[in-house]
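Asker: Got a structure for you, written out below as structure tokens; questions coming shortly.
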Amino acid sequence: MTIEIVETDREPLASVLNTLRLTRVGDHNYRAETNLPQLSGRIYGGQVLAQAIVAATDTLEDEGRLIHSQTAAFLAPGDVKKPLDIEVKIVNDGRSFSTRRILVRQDGATIFSARDSFQLRQDGVEHHDRPPEVPWPDELRSSVEIFSSVDHPAARFMSSTNAIDIRHVDGDMYLQPNPSRSSTPRIWFRTRSPLPDSTPQALQRAMLAYAADQFMLEPIMHAHGLCWASPGISLATLDHTTWWHRDVNCSDWVLAELHSPSAQGGRGLTLAKFFQAGTLVATMAQEGMIRIPSSA
């Protein structure tokens, strides 16, 4: 079941979608020719999460199956200047569920692995957590506005390349630490320009994974008075799990409620709930490396 990668001429969203247009190079093997630019020179983890979903979905024969969980491990940094080779292994196709294992390689070395699980739409018992009461996005400052107002190379880069509009309920932490020291920040986000109405749900779910990876470690930084501009800070995703509970539309506002229950040994854990239109649409857990010079 091939995911239709929709077309748009609106940047930077068009560039994101272009990285998800994979070339099939054999049975269950794919190549990603382009990567999103990064100041670090390392491939952005959210891009690879989304590409793994697209590749795994392409191996499904049943169009009624949607990804409901992804458990991933980032094994080594990737080079943005080099293509990625993606191998999908069919683990199981049952009556209701399908399982795929995905390996992503660069120059022959495995840099990422994942297990993706898919399910037919089915009826069953239902309940969900309710979203917290927070200000609406139009009451908050946009990351797009922040980046465009700051005369700094990193801000100019983010202004031109980040396809996601992010609005921090509890204050942003781009250039200076957030004084609240809260380990439970709340964040609204959506694509800066809307995805076409024809965007399939499979791609919407891949876009959620793409978007959220860029702020999942922020609760840990919040708790320790750090920010993205903290001198010598080093961050990297180690492992990441997403559970999709309901359909999501990344063109509309999604509220992320994040919490870091623990940080230790240069690693930190974040748990996150994602709400849209009053319902819980996804849950994530991410462990990342977070180092500062005094603890390196």
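Chain labels follow the order of the structure tokens: the first chain is A, the next B, and so on; residue numbering restarts at 1 in every chain, and ligands are counted from 1 in their shown order.
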Please give the complete set of residues from region 58-285 of chain A that DSSP, run on the backbone, assigns to alpha helix (DSSP H), formatted as an MDAnalysis selection string.

Answerer: chainID A and resid 58 143:149 153:161 201:212 218:223

Asker: Find the residues around Pro200 (chain A) up to 12 Å (only C-alpha atoms counted), leave out those fewer than 3 positions away in its own chain, and share them as a PyMOL selection string.

Answerer: chain A and resi 1-6+54+57+63-64+66+195-197+203-207+247-250

Asker: Within 6 Å of Tyr210 (chain A), counting only C-alpha atoms, which residues show up once you throw out same-chain ones fewer than 3 positions away? Write them as a list of chain:residue names, please.

Answerer: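 Here the answer would be A:Gly46, A:Gln47, A:Ala50, A:Met207.
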
Asker: With N, CA and C atoms retained, could you export that selection as a PDB file, in the first residue's frame?

Answerer:
ATOM      1  N   GLY A  46      13.521  13.032  13.337  1.00  0.00           N
ATOM      2  CA  GLY A  46      12.127  12.983  12.918  1.00  0.00           C
ATOM      3  C   GLY A  46      11.959  12.631  11.452  1.00  0.00           C
ATOM      4  N   GLN A  47      12.932  13.052  10.639  1.00  0.00           N
ATOM      5  CA  GLN A  47      12.897  12.683   9.217  1.00  0.00           C
ATOM      6  C   GLN A  47      12.970  11.174   9.053  1.00  0.00           C
ATOM      7  N   ALA A  50       9.790   9.284  10.108  1.00  0.00           N
ATOM      8  CA  ALA A  50       8.749   9.389   9.092  1.00  0.00           C
ATOM      9  C   ALA A  50       9.069   8.532   7.871  1.00  0.00           C
ATOM     10  N   MET A 207       3.854  12.527   9.610  1.00  0.00           N
ATOM     11  CA  MET A 207       4.178  13.921   9.857  1.00  0.00           C
ATOM     12  C   MET A 207       4.159  14.245  11.349  1.00  0.00           C
TER      13      MET A 207
END

Asker: I'd like the neighbourhood of region 80-89 of chain A as JSON, numbers by chain, where a residue qualifies if any of its atoms comes within 12 Å (using only C-alpha atoms), though same-chain residues fewer than 4 positions away should be ignored.

Answerer: {"A": [19, 20, 22, 23, 24, 25, 26, 27, 28, 29, 30, 31, 32, 33, 34, 35, 36, 37, 38, 39, 40, 41, 42, 43, 44, 45, 47, 48, 49, 50, 51, 52, 53, 54, 55, 56, 57, 58, 59, 60, 93, 98, 99, 100, 101, 102, 103, 104, 105, 106, 107, 108, 109, 110, 111, 112, 113, 114, 115, 116]}

Asker: Go ahead and dump the residues you just picked, C-alpha atoms, as a PDB file, in the first residue's frame.

Answerer:
ATOM      1  CA  THR A  19      12.451  13.630   1.693  1.00  0.00           C
ATOM      2  CA  LEU A  20       9.544  11.185   2.086  1.00  0.00           C
ATOM      3  CA  LEU A  22      11.428   7.123  -1.478  1.00  0.00           C
ATOM      4  CA  THR A  23      12.771   5.204  -4.482  1.00  0.00           C
ATOM      5  CA  ARG A  24      12.027   1.477  -4.519  1.00  0.00           C
ATOM      6  CA  VAL A  25      15.252  -0.336  -5.426  1.00  0.00           C
ATOM      7  CA  GLY A  26      14.130  -3.930  -4.947  1.00  0.00           C
ATOM      8  CA  ASP A  27      11.738  -6.081  -2.975  1.00  0.00           C
ATOM      9  CA  HIS A  28      11.169  -4.221   0.284  1.00  0.00           C
ATOM     10  CA  ASN A  29      14.259  -2.049  -0.224  1.00  0.00           C
ATOM     11  CA  TYR A  30      14.160   1.727  -0.654  1.00  0.00           C
ATOM     12  CA  ARG A  31      16.487   4.668  -1.041  1.00  0.00           C
ATOM     13  CA  ALA A  32      16.059   8.194   0.310  1.00  0.00           C
ATOM     14  CA  GLU A  33      18.110  10.362  -2.012  1.00  0.00           C
ATOM     15  CA  THR A  34      17.755  13.635  -0.095  1.00  0.00           C
ATOM     16  CA  ASN A  35      17.908  14.733   3.533  1.00  0.00           C
ATOM     17  CA  LEU A  36      16.761  17.913   5.189  1.00  0.00           C
ATOM     18  CA  PRO A  37      19.616  20.372   5.813  1.00  0.00           C
ATOM     19  CA  GLN A  38      20.851  20.653   9.406  1.00  0.00           C
ATOM     20  CA  LEU A  39      23.363  23.040  10.931  1.00  0.00           C
ATOM     21  CA  SER A  40      24.931  20.110  12.782  1.00  0.00           C
ATOM     22  CA  GLY A  41      25.411  18.140   9.565  1.00  0.00           C
ATOM     23  CA  ARG A  42      23.580  15.214  11.221  1.00  0.00           C
ATOM     24  CA  ILE A  43      20.297  13.887   9.879  1.00  0.00           C
ATOM     25  CA  TYR A  44      17.248  15.012  11.856  1.00  0.00           C
ATOM     26  CA  GLY A  45      15.728  12.050  13.696  1.00  0.00           C
ATOM     27  CA  GLN A  47      12.897  12.683   9.217  1.00  0.00           C
ATOM     28  CA  VAL A  48      14.072   9.079   9.637  1.00  0.00           C
ATOM     29  CA  LEU A  49      11.088   8.151  11.823  1.00  0.00           C
ATOM     30  CA  ALA A  50       8.749   9.389   9.092  1.00  0.00           C
ATOM     31  CA  GLN A  51      10.708   7.705   6.286  1.00  0.00           C
ATOM     32  CA  ALA A  52      10.567   4.376   8.143  1.00  0.00           C
ATOM     33  CA  ILE A  53       6.771   4.674   8.348  1.00  0.00           C
ATOM     34  CA  VAL A  54       6.487   5.442   4.632  1.00  0.00           C
ATOM     35  CA  ALA A  55       8.722   2.495   3.651  1.00  0.00           C
ATOM     36  CA  ALA A  56       6.989   0.016   5.970  1.00  0.00           C
ATOM     37  CA  THR A  57       3.537   1.094   4.820  1.00  0.00           C
ATOM     38  CA  ASP A  58       4.559   0.480   1.202  1.00  0.00           C
ATOM     39  CA  THR A  59       4.962  -3.250   1.966  1.00  0.00           C
ATOM     40  CA  LEU A  60       1.359  -3.695   3.174  1.00  0.00           C
ATOM     41  CA  ASP A  93       0.720 -10.372   8.545  1.00  0.00           C
ATOM     42  CA  SER A  98       0.932  -6.528  10.581  1.00  0.00           C
ATOM     43  CA  THR A  99       4.487  -6.106  11.868  1.00  0.00           C
ATOM     44  CA  ARG A 100       7.494  -4.764  10.016  1.00  0.00           C
ATOM     45  CA  ARG A 101      11.156  -4.375  11.000  1.00  0.00           C
ATOM     46  CA  ILE A 102      13.004  -1.496   9.393  1.00  0.00           C
ATOM     47  CA  LEU A 103      16.751  -1.009   9.109  1.00  0.00           C
ATOM     48  CA  VAL A 104      18.229   2.240   7.800  1.00  0.00           C
ATOM     49  CA  ARG A 105      21.822   2.218   6.591  1.00  0.00           C
ATOM     50  CA  GLN A 106      24.324   4.748   5.343  1.00  0.00           C
ATOM     51  CA  ASP A 107      27.551   3.654   3.670  1.00  0.00           C
ATOM     52  CA  GLY A 108      26.653   0.094   4.667  1.00  0.00           C
ATOM     53  CA  ALA A 109      26.461   0.860   8.414  1.00  0.00           C
ATOM     54  CA  THR A 110      23.130   0.560  10.242  1.00  0.00           C
ATOM     55  CA  ILE A 111      22.229   3.896  11.838  1.00  0.00           C
ATOM     56  CA  PHE A 112      18.570   3.242  12.778  1.00  0.00           C
ATOM     57  CA  SER A 113      16.234   0.349  13.459  1.00  0.00           C
ATOM     58  CA  ALA A 114      12.499   0.221  14.144  1.00  0.00           C
ATOM     59  CA  ARG A 115       9.561  -2.078  14.634  1.00  0.00           C
ATOM     60  CA  ASP A 116       6.341  -0.740  13.116  1.00  0.00           C
TER      61      ASP A 116
END

Asker: Name all residues at most 12 Å from Ala263 (chain A) (count only C-alpha atoms; drop same-chain ones fewer than 4 positions away) and give them as a PyMOL selection string.

Answerer: chain A and resi 183+217+219-224+259+267-270+286-291

Asker: Please provide as a list in words all residues within 12 Å of Arg95 (chain A), with the sequence filter that same-chain residues fewer than 3 positions apart are discarded (counting only C-alpha atoms).

Answerer: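 Surrounding residues, per the criterion: Asp62, Gly64, Arg65, Asn92, Ser98, Thr99, Phe118, Gln119, Leu120, Arg121 and Gln122 of chain A.
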
Asker: Residues of the last selection are to be written out with N, CA, C and O atoms, as a PDB file, in the first residue's frame.

Answerer:
ATOM      1  N   ASP A  62      -2.864  -4.742   2.491  1.00  0.00           N
ATOM      2  CA  ASP A  62      -4.204  -4.347   2.923  1.00  0.00           C
ATOM      3  C   ASP A  62      -4.236  -2.840   3.153  1.00  0.00           C
ATOM      4  O   ASP A  62      -3.574  -2.314   4.039  1.00  0.00           O
ATOM      5  N   GLY A  64      -6.457  -1.085   4.415  1.00  0.00           N
ATOM      6  CA  GLY A  64      -7.185  -0.693   5.611  1.00  0.00           C
ATOM      7  C   GLY A  64      -6.331  -0.654   6.862  1.00  0.00           C
ATOM      8  O   GLY A  64      -6.834  -0.312   7.935  1.00  0.00           O
ATOM      9  N   ARG A  65      -5.060  -1.000   6.757  1.00  0.00           N
ATOM     10  CA  ARG A  65      -4.197  -1.049   7.937  1.00  0.00           C
ATOM     11  C   ARG A  65      -3.401   0.242   8.093  1.00  0.00           C
ATOM     12  O   ARG A  65      -2.804   0.728   7.145  1.00  0.00           O
ATOM     13  N   ASN A  92       5.288 -10.219  10.176  1.00  0.00           N
ATOM     14  CA  ASN A  92       4.008 -10.902  10.363  1.00  0.00           C
ATOM     15  C   ASN A  92       2.901 -10.150   9.650  1.00  0.00           C
ATOM     16  O   ASN A  92       2.883  -8.920   9.616  1.00  0.00           O
ATOM     17  N   SER A  98      -0.267  -6.266  11.376  1.00  0.00           N
ATOM     18  CA  SER A  98       0.932  -6.528  10.581  1.00  0.00           C
ATOM     19  C   SER A  98       2.128  -5.910  11.283  1.00  0.00           C
ATOM     20  O   SER A  98       2.025  -4.818  11.864  1.00  0.00           O
ATOM     21  N   THR A  99       3.270  -6.589  11.220  1.00  0.00           N
ATOM     22  CA  THR A  99       4.487  -6.106  11.868  1.00  0.00           C
ATOM     23  C   THR A  99       5.615  -6.045  10.849  1.00  0.00           C
ATOM     24  O   THR A  99       5.798  -6.967  10.054  1.00  0.00           O
ATOM     25  N   PHE A 118       0.975  -2.328  12.502  1.00  0.00           N
ATOM     26  CA  PHE A 118      -0.186  -1.791  11.801  1.00  0.00           C
ATOM     27  C   PHE A 118      -1.429  -2.593  12.181  1.00  0.00           C
ATOM     28  O   PHE A 118      -1.346  -3.791  12.453  1.00  0.00           O
ATOM     29  N   GLN A 119      -2.585  -1.933  12.167  1.00  0.00           N
ATOM     30  CA  GLN A 119      -3.832  -2.598  12.531  1.00  0.00           C
ATOM     31  C   GLN A 119      -4.959  -2.162  11.611  1.00  0.00           C
ATOM     32  O   GLN A 119      -5.031  -1.004  11.188  1.00  0.00           O
ATOM     33  N   LEU A 120      -5.849  -3.100  11.311  1.00  0.00           N
ATOM     34  CA  LEU A 120      -7.093  -2.757  10.642  1.00  0.00           C
ATOM     35  C   LEU A 120      -7.940  -1.881  11.558  1.00  0.00           C
ATOM     36  O   LEU A 120      -7.913  -2.032  12.784  1.00  0.00           O
ATOM     37  N   ARG A 121      -8.704  -0.969  10.989  1.00  0.00           N
ATOM     38  CA  ARG A 121      -9.661  -0.211  11.796  1.00  0.00           C
ATOM     39  C   ARG A 121     -10.698  -1.176  12.358  1.00  0.00           C
ATOM     40  O   ARG A 121     -11.303  -1.954  11.612  1.00  0.00           O
ATOM     41  N   GLN A 122     -10.870  -1.132  13.668  1.00  0.00           N
ATOM     42  CA  GLN A 122     -11.797  -2.047  14.324  1.00  0.00           C
ATOM     43  C   GLN A 122     -12.537  -1.333  15.447  1.00  0.00           C
ATOM     44  O   GLN A 122     -12.034  -0.369  16.034  1.00  0.00           O
TER      45      GLN A 122
END

Asker: Counting only C-alpha atoms, figure out which residue out of A:Gly225, A:Pro137, A:Pro77, A:Pro153 gets nearest to Pro179 (chain A).

Answerer: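 The shortest atom-to-atom distance to Pro179 (chain A) comes from A:Gly225.
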
Asker: Here is a test: counting only C-alpha atoms, which residue of A:Asp172, A:Val16, A:Ser230, A:Thr184 is nearest to Ser262 (chain A)?

Answerer: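 Looking only at the distances to Ser262 (chain A), the closest residue turns out to be A:Thr184.
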
Asker: Would you mind reading off the distance between CA of Phe147 (chain A) and CA of Thr191 (chain A), one decimal, in Å?

Answerer: 15.5 Å

Asker: Quick one: DSSP strand (DSSP E) residues in region 58-241 of chain A, as a PyMOL selection string?

Answerer: chain A and resi 65-74+84-93+97-106+109-120+164-168+186-191+234-241

Asker: What is the distance, in Å and to one decimal place, between CA of His168 (chain A) and CA of Ser142 (chain A)?

Answerer: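 A separation of 8.0 Å between them.
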
Asker: Between CA of Ala256 (chain A) and CA of Ala272 (chain A), what is the distance, to one decimal in Å?

Answerer: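 For CA of Ala256 (chain A) relative to CA of Ala272 (chain A), the distance reads 6.4 Å.
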
Asker: Pick from A:His68, A:Arg10, A:Ala236, A:Ile187: nearest to Ala202 (chain A), with only C-alpha atoms counted?

Answerer: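 Smallest distance to Ala202 (chain A) is found for A:His68.
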
Asker: Using only C-alpha atoms, which of A:Val134, A:Ala285, A:Ala229, A:Met173 sits nearest Asp213 (chain A)?

Answerer: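 Ranking A:Val134, A:Ala285, A:Ala229, A:Met173 by distance to Asp213 (chain A), first place goes to A:Ala285.
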
Asker: As a PyMOL selection string, please: the residues near Asp138 (chain A) (cut-off 12 Å, only C-alpha atoms, same-chain neighbours under 3 positions excluded).

Answerer: chain A and resi 134-135+141-142+165-169+188-189+253

Asker: Keeping only all heavy atoms, write the selected residues to a file as an mmCIF file, in the first residue's frame.

Answerer:
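Ended up saving to again.cif:
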data_model
loop_
_atom_site.group_PDB
_atom_site.id
_atom_site.type_symbol
_atom_site.label_atom_id
_atom_site.label_comp_id
_atom_site.auth_asym_id
_atom_site.auth_seq_id
_atom_site.Cartn_x
_atom_site.Cartn_y
_atom_site.Cartn_z
ATOM 1 N N VAL A 134 -5.406 25.164 28.680
ATOM 2 C CA VAL A 134 -4.279 26.043 28.357
ATOM 3 C C VAL A 134 -4.756 27.157 27.438
ATOM 4 O O VAL A 134 -5.821 27.045 26.808
ATOM 5 C CB VAL A 134 -3.135 25.256 27.659
ATOM 6 C CG1 VAL A 134 -2.573 24.174 28.563
ATOM 7 C CG2 VAL A 134 -3.623 24.650 26.342
ATOM 8 N N PRO A 135 -3.993 28.245 27.303
ATOM 9 C CA PRO A 135 -4.341 29.289 26.331
ATOM 10 C C PRO A 135 -4.350 28.736 24.904
ATOM 11 O O PRO A 135 -3.612 27.804 24.585
ATOM 12 C CB PRO A 135 -3.228 30.324 26.509
ATOM 13 C CG PRO A 135 -2.676 30.066 27.861
ATOM 14 C CD PRO A 135 -2.812 28.593 28.101
ATOM 15 N N ARG A 141 3.017 33.308 21.252
ATOM 16 C CA ARG A 141 3.962 33.747 20.225
ATOM 17 C C ARG A 141 4.416 32.564 19.387
ATOM 18 O O ARG A 141 4.758 31.495 19.905
ATOM 19 C CB ARG A 141 5.170 34.414 20.881
ATOM 20 C CG ARG A 141 6.007 35.230 19.898
ATOM 21 C CD ARG A 141 7.154 35.917 20.594
ATOM 22 N NE ARG A 141 7.886 36.768 19.647
ATOM 23 C CZ ARG A 141 9.103 37.226 19.852
ATOM 24 N NH1 ARG A 141 9.736 36.929 20.980
ATOM 25 N NH2 ARG A 141 9.698 37.982 18.943
ATOM 26 N N SER A 142 4.455 32.756 18.089
ATOM 27 C CA SER A 142 4.828 31.703 17.143
ATOM 28 C C SER A 142 6.342 31.586 17.024
ATOM 29 O O SER A 142 7.063 32.590 17.025
ATOM 30 C CB SER A 142 4.229 32.005 15.772
ATOM 31 O OG SER A 142 4.816 31.207 14.765
ATOM 32 N N ASP A 165 5.115 25.157 12.885
ATOM 33 C CA ASP A 165 4.854 26.325 13.723
ATOM 34 C C ASP A 165 4.654 25.823 15.150
ATOM 35 O O ASP A 165 3.739 25.049 15.422
ATOM 36 C CB ASP A 165 3.596 27.042 13.224
ATOM 37 C CG ASP A 165 3.304 28.324 13.997
ATOM 38 O OD1 ASP A 165 3.970 28.598 15.011
ATOM 39 O OD2 ASP A 165 2.376 29.047 13.577
ATOM 40 N N ILE A 166 5.523 26.254 16.059
ATOM 41 C CA ILE A 166 5.497 25.794 17.454
ATOM 42 C C ILE A 166 5.177 26.970 18.370
ATOM 43 O O ILE A 166 5.751 28.056 18.214
ATOM 44 C CB ILE A 166 6.864 25.185 17.852
ATOM 45 C CG1 ILE A 166 7.182 23.979 16.960
ATOM 46 C CG2 ILE A 166 6.881 24.783 19.317
ATOM 47 C CD1 ILE A 166 8.584 23.443 17.162
ATOM 48 N N ARG A 167 4.265 26.735 19.320
ATOM 49 C CA ARG A 167 3.892 27.794 20.260
ATOM 50 C C ARG A 167 3.915 27.238 21.680
ATOM 51 O O ARG A 167 3.125 26.369 22.015
ATOM 52 C CB ARG A 167 2.528 28.377 19.896
ATOM 53 C CG ARG A 167 2.497 28.854 18.442
ATOM 54 C CD ARG A 167 1.332 29.708 18.091
ATOM 55 N NE ARG A 167 1.402 30.087 16.684
ATOM 56 C CZ ARG A 167 0.670 31.050 16.120
ATOM 57 N NH1 ARG A 167 -0.199 31.728 16.863
ATOM 58 N NH2 ARG A 167 0.795 31.325 14.835
ATOM 59 N N HIS A 168 4.840 27.731 22.474
ATOM 60 C CA HIS A 168 5.032 27.251 23.833
ATOM 61 C C HIS A 168 4.043 27.917 24.784
ATOM 62 O O HIS A 168 4.005 29.150 24.881
ATOM 63 C CB HIS A 168 6.457 27.537 24.301
ATOM 64 C CG HIS A 168 7.508 26.715 23.633
ATOM 65 N ND1 HIS A 168 7.976 26.988 22.365
ATOM 66 C CD2 HIS A 168 8.184 25.609 24.063
ATOM 67 C CE1 HIS A 168 8.915 26.106 22.040
ATOM 68 N NE2 HIS A 168 9.051 25.257 23.048
ATOM 69 N N VAL A 169 3.273 27.114 25.473
ATOM 70 C CA VAL A 169 2.327 27.641 26.446
ATOM 71 C C VAL A 169 3.061 28.271 27.624
ATOM 72 O O VAL A 169 2.666 29.315 28.148
ATOM 73 C CB VAL A 169 1.387 26.528 26.945
ATOM 74 C CG1 VAL A 169 0.502 27.026 28.086
ATOM 75 C CG2 VAL A 169 0.534 25.999 25.795
ATOM 76 N N TRP A 188 1.765 23.828 21.642
ATOM 77 C CA TRP A 188 0.900 23.710 20.461
ATOM 78 C C TRP A 188 1.790 23.646 19.222
ATOM 79 O O TRP A 188 2.811 24.334 19.146
ATOM 80 C CB TRP A 188 -0.007 24.923 20.318
ATOM 81 C CG TRP A 188 -1.125 25.063 21.305
ATOM 82 C CD1 TRP A 188 -1.150 25.867 22.413
ATOM 83 C CD2 TRP A 188 -2.399 24.405 21.258
ATOM 84 N NE1 TRP A 188 -2.358 25.752 23.062
ATOM 85 C CE2 TRP A 188 -3.143 24.863 22.378
ATOM 86 C CE3 TRP A 188 -2.977 23.483 20.389
ATOM 87 C CZ2 TRP A 188 -4.435 24.427 22.645
ATOM 88 C CZ3 TRP A 188 -4.268 23.045 20.648
ATOM 89 C CH2 TRP A 188 -4.993 23.508 21.763
ATOM 90 N N PHE A 189 1.379 22.867 18.216
ATOM 91 C CA PHE A 189 2.132 22.857 16.958
ATOM 92 C C PHE A 189 1.248 22.417 15.796
ATOM 93 O O PHE A 189 0.240 21.733 15.983
ATOM 94 C CB PHE A 189 3.365 21.950 17.046
ATOM 95 C CG PHE A 189 3.050 20.473 17.190
ATOM 96 C CD1 PHE A 189 3.046 19.637 16.091
ATOM 97 C CD2 PHE A 189 2.768 19.930 18.441
ATOM 98 C CE1 PHE A 189 2.768 18.285 16.228
ATOM 99 C CE2 PHE A 189 2.492 18.586 18.581
ATOM 100 C CZ PHE A 189 2.487 17.765 17.473
ATOM 101 N N TRP A 253 -4.127 22.496 14.764
ATOM 102 C CA TRP A 253 -3.348 22.557 15.989
ATOM 103 C C TRP A 253 -3.407 21.265 16.784
ATOM 104 O O TRP A 253 -4.480 20.701 17.002
ATOM 105 C CB TRP A 253 -3.817 23.718 16.869
ATOM 106 C CG TRP A 253 -3.474 25.054 16.312
ATOM 107 C CD1 TRP A 253 -4.338 25.968 15.790
ATOM 108 C CD2 TRP A 253 -2.164 25.630 16.199
ATOM 109 N NE1 TRP A 253 -3.649 27.086 15.361
ATOM 110 C CE2 TRP A 253 -2.319 26.904 15.608
ATOM 111 C CE3 TRP A 253 -0.894 25.203 16.553
ATOM 112 C CZ2 TRP A 253 -1.237 27.745 15.355
ATOM 113 C CZ3 TRP A 253 0.186 26.034 16.298
ATOM 114 C CH2 TRP A 253 0.016 27.291 15.706
#
